[in-house]
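Visitor: Mind looking over this structure? Questions follow.
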Amino acid sequence: MKDIEQIVVRFSGDSGDGMQITGTQFSNTAAQMGNDLATFPDFPAEIRAPQGTVAGVSGFQVHFGSIEITTPGDEPHVLVAMNPAALKANIKDLKAGATIIVNEDAFTDLGFKKAGYLRNPLEDIEGFNIISAKITEQTKEALKDLDLDTKGKARCKNFYALGMTYFMFARDLEPTLKWIKEKFAKSPILQEANSIALKSGYNFADTINASAEVYNIVPAKIEKGTYRQISGNIALSWGFIFAAQNAGLDLFLGSYPITPASDILHELSKHKNYGVKTFQAEDEIAAICSSIGASFAGALSITTSSGPGIALKSEGLNLAVMLEIPLVVIDVQRGGPSTGLPTKTEQADLNMAMFGRNGESPMIILAAKSPSDCFHMAFEAARLSLEHMTPVMLLTDGYIANGATPWKIPDLDGDYPKIKTRFVDQTDLTDGFKPYKRDLETLARKWATPGMKGFEHRVGGLEKENETGNVSYDPDNHELMIKLREEKVAKVANFIPEQVIEGNAKADTLVVSWGGTYGSVHQAVKEMNYQHPCAHVHIQYLNPFPKNLEKVLRSYSKIVVCELNRGQLKDLLNSKFSLNAKGYNKVQGKPFKVRELVQMLTKEITLG
Amino acid sequence: MTEKIKLSKKDFMSDQEIKWCPGCGDYAILAAAQMAMANAGVPPHEVCVISGIGCSSRFPYYVNSFGMHSIHGRAPAVATGVKLQNPNLSVWIITGDGDGLSIGGNHLAHILRRNLDVNIILFNNEIYGLTKGQYSPTSRQGTKTKSTPLGSIDRTFTPAKFAMGAGATFFARTIDTDPKHMIEVFAKASAHKGTSIVEVFQNCIIFNDKIHDEFTNRSVRDDHTVRLEEGKPMIFGKDNNRGLIQDGFHFKEVEVSGNEDKLFIHDPTDECLAQILANLDGVNGPMPLGVLKRIEVNTYEDGFFSQIDDQLDKKGKGDIKKLLMSGNTWEVN
């Protein structure tokens, strides 16, 4: 057995081959064996593209190790390819010398044709360690005594393949056997079939030991605590449930289905006994408007979407800006413009979040940095929106929404402050109720909801008179209100954490990133610091920026802003602080690879 | 809603100066709605009025209650959120023919289909007033306006047919020149459990004056409209001498005299009848006023809150700490 620090495995097959389950099981086992890890599912936009074609390939990548793991990995060391299309879709991504496990039964003339190969590709591949196994046939053979039809037996082949990888990485079978038992509790025959398939695959790999090296990945040094795996969309959903409970409010979600945000609607719809109300509206506009209505009536209101939906919501967002009520809008960014790349990741909606509304319309903008960070940032978005009585846009992306990492379950009482809502009380009636009277520290107004006697008032999208909230077209009042709304958002800087510097703070070069690229950039900076030190600033509070950000930025002679867009944060920083930051940009619907960042930074630093 | 209390129209008048054009039909509708609200006995702080954009949508500013002048066409969506957050409120939606049937048609269709327990007043003046006179979806074909100098080409949208198509559970029609009728109809709308929609023929004195005259002008209206009353024969005309009898899938106008026992008896719970009534347009028969349709089905919030209650019964109140610890977890020591 050979000890290694980290391994990247990608499971790949037809979208009906069960690769997402296989990958999830592999990562759960790694987590329970104490490894650090990150995962990323990669599925096609089409639900069931023609079988055997490259368009229908579904993948799941797991990066695990005995060291800190912050990304799902650049290049797989091991690929499980259930058919020729899966080989074709993935081979260019593999690390040189990688091991490829192929299901020989799918490597037929018909399979080659569907994948667009003229002949068996395995004959033309060089430089890889290929383990070819009759996975389908061997699974059927292992299950021959079970009272299950042939199709049902063949369907267990993903667990056979999983068993093979478990042998290769000296994995414990127990967590998956336990999962099978629970998952198929209602069907003893499927319990047995999948368990046998898993063990048979494991034993088969043991038998052919000669062709595969067994790798051992010892537990990583991880902070003490109770852990679980979590994806960004689930973490985000739970963060809002917590924030609502913390604030003593109902959580209301008005939403319209859109990839890759729908899982938040699905998740919250399961938890109606947590004080959660979900409403699937007739369109994106109705989704945000219903949330505005629920906020007016006293809920912690959120609305979830992705780029095209956020575009439709901008008029509603501006109404919330004008009403000065709490509302959190979640943009799970995907490749744009227009329908773009629905299932692929990008961070090109920052400009829309900052500027995509008519008039002077300042908005608090936050961005989560990892799947588990979505929990924390959901809480932060709710806290700032409720305490400052203004809408917040929270940006995540398809990469962290669907990706998963282990998460140390936080101490909800100790780690989080109590959110202070701004409901009116009887003292607000002393001189007659003034709906737009402001708190001096935050400039937030108070929240009076329908049903509260004595607080009847009218709000709307027309400009308000200061304090009374009555409609006013007075020129000076308009300018005053514009400035008040602007200052209110600016003052949020007093209530957010200062910017942290990571990496080598004393270096000359600063790498800046935001959003879901944290893992890749963090890892790249770590690798850089062996030879070419640089500092790293990852911005989670994008509007307003942390108070110390300008000072931090000014203390570096060279700044490189890495983004999965054409330079939106870079332009923002340059125009706001008159800097000369450079951009490193990629818009391929894919995350940064650590290797490409290291190459780029090395060039930047060594060439000056 | 709390116990019915004694209220007057004054309780629902806000301190804001009303800024509609002198002579606008909106004044009478506002007064009638305020009367109906007072009669309903729900105190102002439990009333919430939501509007979209347009002349009619200034309405919430003039009602002493909670209110929101929201964005163009979206009042039904905003109201849905308000009602689902606080189902005890009496929610009124104010919209117009442009706001409700053009830019907000989608939301109007869906709130009617869902049957949320709210009341909608649709001011129909067949014109865009606030943008200074363009034809609207309810304008008659050939209408000449600033945007249609050669006459409008679109076929006319009929609110009654739209509502029937969307599965509305309550549809009524009234006129801005008859306060008594408006108050009665609004009261019935407010009493209906589910979404009620009331179309009001409203006069825009500036851009579309007298467009509804044949149905609203006291001197001629009785000959061109039929006042529907539940359980009563359909009789109309200045001298109450005209009546409607069934003729296949249509109505036929007849002299009352000699046809007394054949006259159609109005039943708003009959959906087929409601469809036929929705087709009457003043040309093919008298324009029906009053409640065309009123059926009882479960409201949206009945289902919405029973699912929540059911989950609470089955699972108990959710504890976020337990949720975080659910499924696979492991200890690192």
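As shown in the structure tokens, the chain order sets the letters A, B, ...; within each chain, residues go from 1, and ligands are also counted from 1 in the order they appear.
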Would you please give, as an MDAnalysis selection string, all residues of range 90-188 of chain A that DSSP assigns to strand (DSSP E) based on the backbone?

Guide: chainID A and resid 99:103 129:133

Visitor: For a quick test of understanding: name the residues of chain B lying within 6 Å of chain A when counting only C-alpha atoms, and present them as a list in words.

Guide: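 In the required form, that comes to His45, Glu46, Tyr61, Ser65, Phe66, Gly67, Met68, His69, Ser70, Ala77, Val78, Ala79, Thr80, Gly81, Val82, Gln85, Ile308, Gln311, Leu312, Lys317, Gly318, Thr329, Trp330, Glu331, Val332 and Asn333 of chain B.
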
Visitor: Nearest to Met164 in chain B among B:Ile93, B:Ile276, B:Val185, B:Ile127, with distances taken over only C-alpha atoms: which residue is it?

Guide: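 Among the listed residues, B:Ile276 lies closest to Met164 in chain B.
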
Visitor: Determine which residues of range 385-578 of chain A receive a DSSP assignment of helix (DSSP H, G or I), computed from the backbone, and state them as number ranges by chain.

Guide: A: 385-388, 398-402, 426-429, 475-495, 515-528, 549-554, 568-577

Visitor: Restricted to C-alpha atoms, what would the selected residues look like written as a CSV table (one decimal), in the first residue's frame?

Guide:
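What ended up in again_19.csv:
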```csv
chain,number,residue,atom,x,y,z
A,385,SER,CA,-31.5,43.2,5.7
A,386,LEU,CA,-33.5,43.1,8.9
A,387,GLU,CA,-31.3,45.4,11.0
A,388,HIS,CA,-30.9,48.0,8.2
A,398,GLY,CA,-23.6,27.0,-9.7
A,399,TYR,CA,-20.2,25.7,-8.6
A,400,ILE,CA,-20.7,26.2,-4.9
A,401,ALA,CA,-24.5,25.7,-5.0
A,402,ASN,CA,-24.1,22.1,-6.2
A,426,GLN,CA,-46.0,52.3,21.3
A,427,THR,CA,-43.4,55.0,21.8
A,428,ASP,CA,-43.4,55.5,18.0
A,429,LEU,CA,-47.0,56.8,18.3
A,475,PRO,CA,-36.7,68.6,-5.7
A,476,ASP,CA,-34.7,69.1,-2.5
A,477,ASN,CA,-36.5,66.3,-0.7
A,478,HIS,CA,-35.8,63.9,-3.6
A,479,GLU,CA,-32.1,64.7,-3.4
A,480,LEU,CA,-32.2,64.3,0.4
A,481,MET,CA,-33.9,60.9,0.1
A,482,ILE,CA,-31.5,59.7,-2.5
A,483,LYS,CA,-28.6,60.6,-0.2
A,484,LEU,CA,-30.2,59.1,2.8
A,485,ARG,CA,-30.8,55.7,1.1
A,486,GLU,CA,-27.2,55.9,-0.1
A,487,GLU,CA,-25.8,56.7,3.3
A,488,LYS,CA,-27.9,54.0,4.9
A,489,VAL,CA,-26.3,51.4,2.8
A,490,ALA,CA,-22.8,53.0,3.2
A,491,LYS,CA,-23.2,52.8,7.0
A,492,VAL,CA,-23.5,49.0,6.8
A,493,ALA,CA,-19.7,49.1,6.7
A,494,ASN,CA,-19.8,49.8,10.4
A,495,PHE,CA,-21.6,46.5,11.0
A,515,GLY,CA,-17.4,34.4,-4.4
A,516,GLY,CA,-17.1,30.8,-5.3
A,517,THR,CA,-13.4,31.0,-6.5
A,518,TYR,CA,-12.1,31.1,-2.9
A,519,GLY,CA,-11.0,27.5,-2.8
A,520,SER,CA,-8.9,27.6,-6.0
A,521,VAL,CA,-7.3,31.0,-5.3
A,522,HIS,CA,-6.6,30.0,-1.7
A,523,GLN,CA,-4.9,26.8,-2.8
A,524,ALA,CA,-2.9,28.6,-5.5
A,525,VAL,CA,-1.7,31.3,-3.1
A,526,LYS,CA,-0.7,28.5,-0.7
A,527,GLU,CA,1.4,26.8,-3.4
A,528,MET,CA,2.9,30.1,-4.6
A,549,LEU,CA,-10.3,47.5,2.3
A,550,GLU,CA,-9.0,50.6,0.6
A,551,LYS,CA,-6.1,50.7,3.0
A,552,VAL,CA,-5.3,47.1,2.5
A,553,LEU,CA,-5.4,47.4,-1.3
A,554,ARG,CA,-3.1,50.5,-1.2
A,568,GLN,CA,-16.2,43.2,-13.1
A,569,LEU,CA,-14.7,43.5,-9.6
A,570,LYS,CA,-11.4,44.7,-11.0
A,571,ASP,CA,-13.2,47.6,-12.7
A,572,LEU,CA,-15.2,48.4,-9.6
A,573,LEU,CA,-12.0,48.5,-7.4
A,574,ASN,CA,-10.1,50.5,-10.0
A,575,SER,CA,-12.9,53.1,-10.4
A,576,LYS,CA,-13.7,53.3,-6.7
A,577,PHE,CA,-10.1,53.5,-5.4
```

Visitor: Can you tell me which residues surround range 157-167 of chain A at a distance of at most 10 Å, considering only C-alpha atoms, apart from same-chain residues fewer than 4 positions away, and format the answer as a ChimeraX atom specification?

Guide: /A:9,11,13,17-23,25-26,29-30,78-82,101-103,133-140,142,152-153,171-173,176,180,193-206,209,212-215

Visitor: Write a file of the selected residues as an mmCIF file, in the first residue's frame, keeping C-alpha atoms.

Guide:
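To be explicit, this is the file written out as result.cif:
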```
data_model
loop_
_atom_site.group_PDB
_atom_site.id
_atom_site.type_symbol
_atom_site.label_atom_id
_atom_site.label_comp_id
_atom_site.auth_asym_id
_atom_site.auth_seq_id
_atom_site.Cartn_x
_atom_site.Cartn_y
_atom_site.Cartn_z
ATOM 1 C CA VAL A 9 -11.537 10.672 -8.676
ATOM 2 C CA PHE A 11 -17.151 9.027 -11.845
ATOM 3 C CA GLY A 13 -21.462 7.706 -17.217
ATOM 4 C CA ASP A 17 -26.150 5.375 -14.713
ATOM 5 C CA GLY A 18 -26.331 6.543 -11.098
ATOM 6 C CA MET A 19 -23.033 8.415 -11.126
ATOM 7 C CA GLN A 20 -24.279 11.137 -8.748
ATOM 8 C CA ILE A 21 -25.169 8.495 -6.130
ATOM 9 C CA THR A 22 -21.868 6.705 -6.660
ATOM 10 C CA GLY A 23 -19.888 9.914 -6.239
ATOM 11 C CA GLN A 25 -21.251 7.581 -1.550
ATOM 12 C CA PHE A 26 -17.545 7.770 -2.302
ATOM 13 C CA THR A 29 -17.056 7.411 2.972
ATOM 14 C CA ALA A 30 -13.979 9.612 2.576
ATOM 15 C CA VAL A 78 -8.728 8.214 -11.585
ATOM 16 C CA LEU A 79 -11.599 8.179 -14.040
ATOM 17 C CA VAL A 80 -14.436 5.677 -13.932
ATOM 18 C CA ALA A 81 -15.914 5.646 -17.447
ATOM 19 C CA MET A 82 -19.096 3.631 -17.729
ATOM 20 C CA ILE A 101 -11.548 2.120 -15.152
ATOM 21 C CA VAL A 102 -13.764 1.321 -18.125
ATOM 22 C CA ASN A 103 -16.880 -0.786 -18.383
ATOM 23 C CA ALA A 133 -13.571 -4.821 -16.695
ATOM 24 C CA LYS A 134 -16.842 -6.379 -17.790
ATOM 25 C CA ILE A 135 -18.674 -4.414 -15.120
ATOM 26 C CA THR A 136 -22.227 -5.046 -16.344
ATOM 27 C CA GLU A 137 -21.764 -8.760 -17.014
ATOM 28 C CA GLN A 138 -19.858 -9.368 -13.780
ATOM 29 C CA THR A 139 -22.544 -7.568 -11.800
ATOM 30 C CA LYS A 140 -25.222 -9.730 -13.405
ATOM 31 C CA ALA A 142 -22.690 -11.876 -9.053
ATOM 32 C CA GLY A 152 -32.625 -4.673 -12.383
ATOM 33 C CA LYS A 153 -29.385 -6.600 -11.914
ATOM 34 C CA ARG A 171 -11.946 2.357 1.736
ATOM 35 C CA ASP A 172 -14.254 1.115 4.456
ATOM 36 C CA LEU A 173 -17.386 -0.528 2.959
ATOM 37 C CA THR A 176 -22.133 2.594 2.097
ATOM 38 C CA ILE A 180 -27.900 0.888 1.108
ATOM 39 C CA ALA A 193 -28.419 -6.803 -4.747
ATOM 40 C CA ASN A 194 -26.628 -3.497 -4.231
ATOM 41 C CA SER A 195 -24.690 -4.806 -1.212
ATOM 42 C CA ILE A 196 -23.511 -7.834 -3.179
ATOM 43 C CA ALA A 197 -22.594 -5.651 -6.173
ATOM 44 C CA LEU A 198 -20.479 -3.382 -3.937
ATOM 45 C CA LYS A 199 -18.661 -6.283 -2.301
ATOM 46 C CA SER A 200 -18.192 -8.125 -5.601
ATOM 47 C CA GLY A 201 -16.590 -5.093 -7.204
ATOM 48 C CA TYR A 202 -14.303 -4.739 -4.196
ATOM 49 C CA ASN A 203 -13.302 -8.433 -4.341
ATOM 50 C CA PHE A 204 -12.777 -8.321 -8.081
ATOM 51 C CA ALA A 205 -10.373 -5.412 -7.753
ATOM 52 C CA ASP A 206 -8.586 -7.309 -5.004
ATOM 53 C CA ASN A 209 -4.447 -6.490 -7.646
ATOM 54 C CA ALA A 212 -3.938 -1.477 -9.720
ATOM 55 C CA GLU A 213 -1.864 0.110 -7.017
ATOM 56 C CA VAL A 214 -3.643 0.426 -3.672
ATOM 57 C CA TYR A 215 -3.425 3.913 -2.282
#
```

Visitor: For Asn208 in chain B, which residue among B:Ile18, B:Ser51, B:Phe171, B:Gly129 is the nearest when counting only C-alpha atoms?

Guide: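 Using only C-alpha atoms, the shortest distance to Asn208 in chain B belongs to B:Gly129.
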
Visitor: Determine the nearest neighbour of Tyr436 in chain A from the options A:Asp109, A:Glu68, A:Glu465, A:Asp149, counting only C-alpha atoms.

Guide: A:Glu465
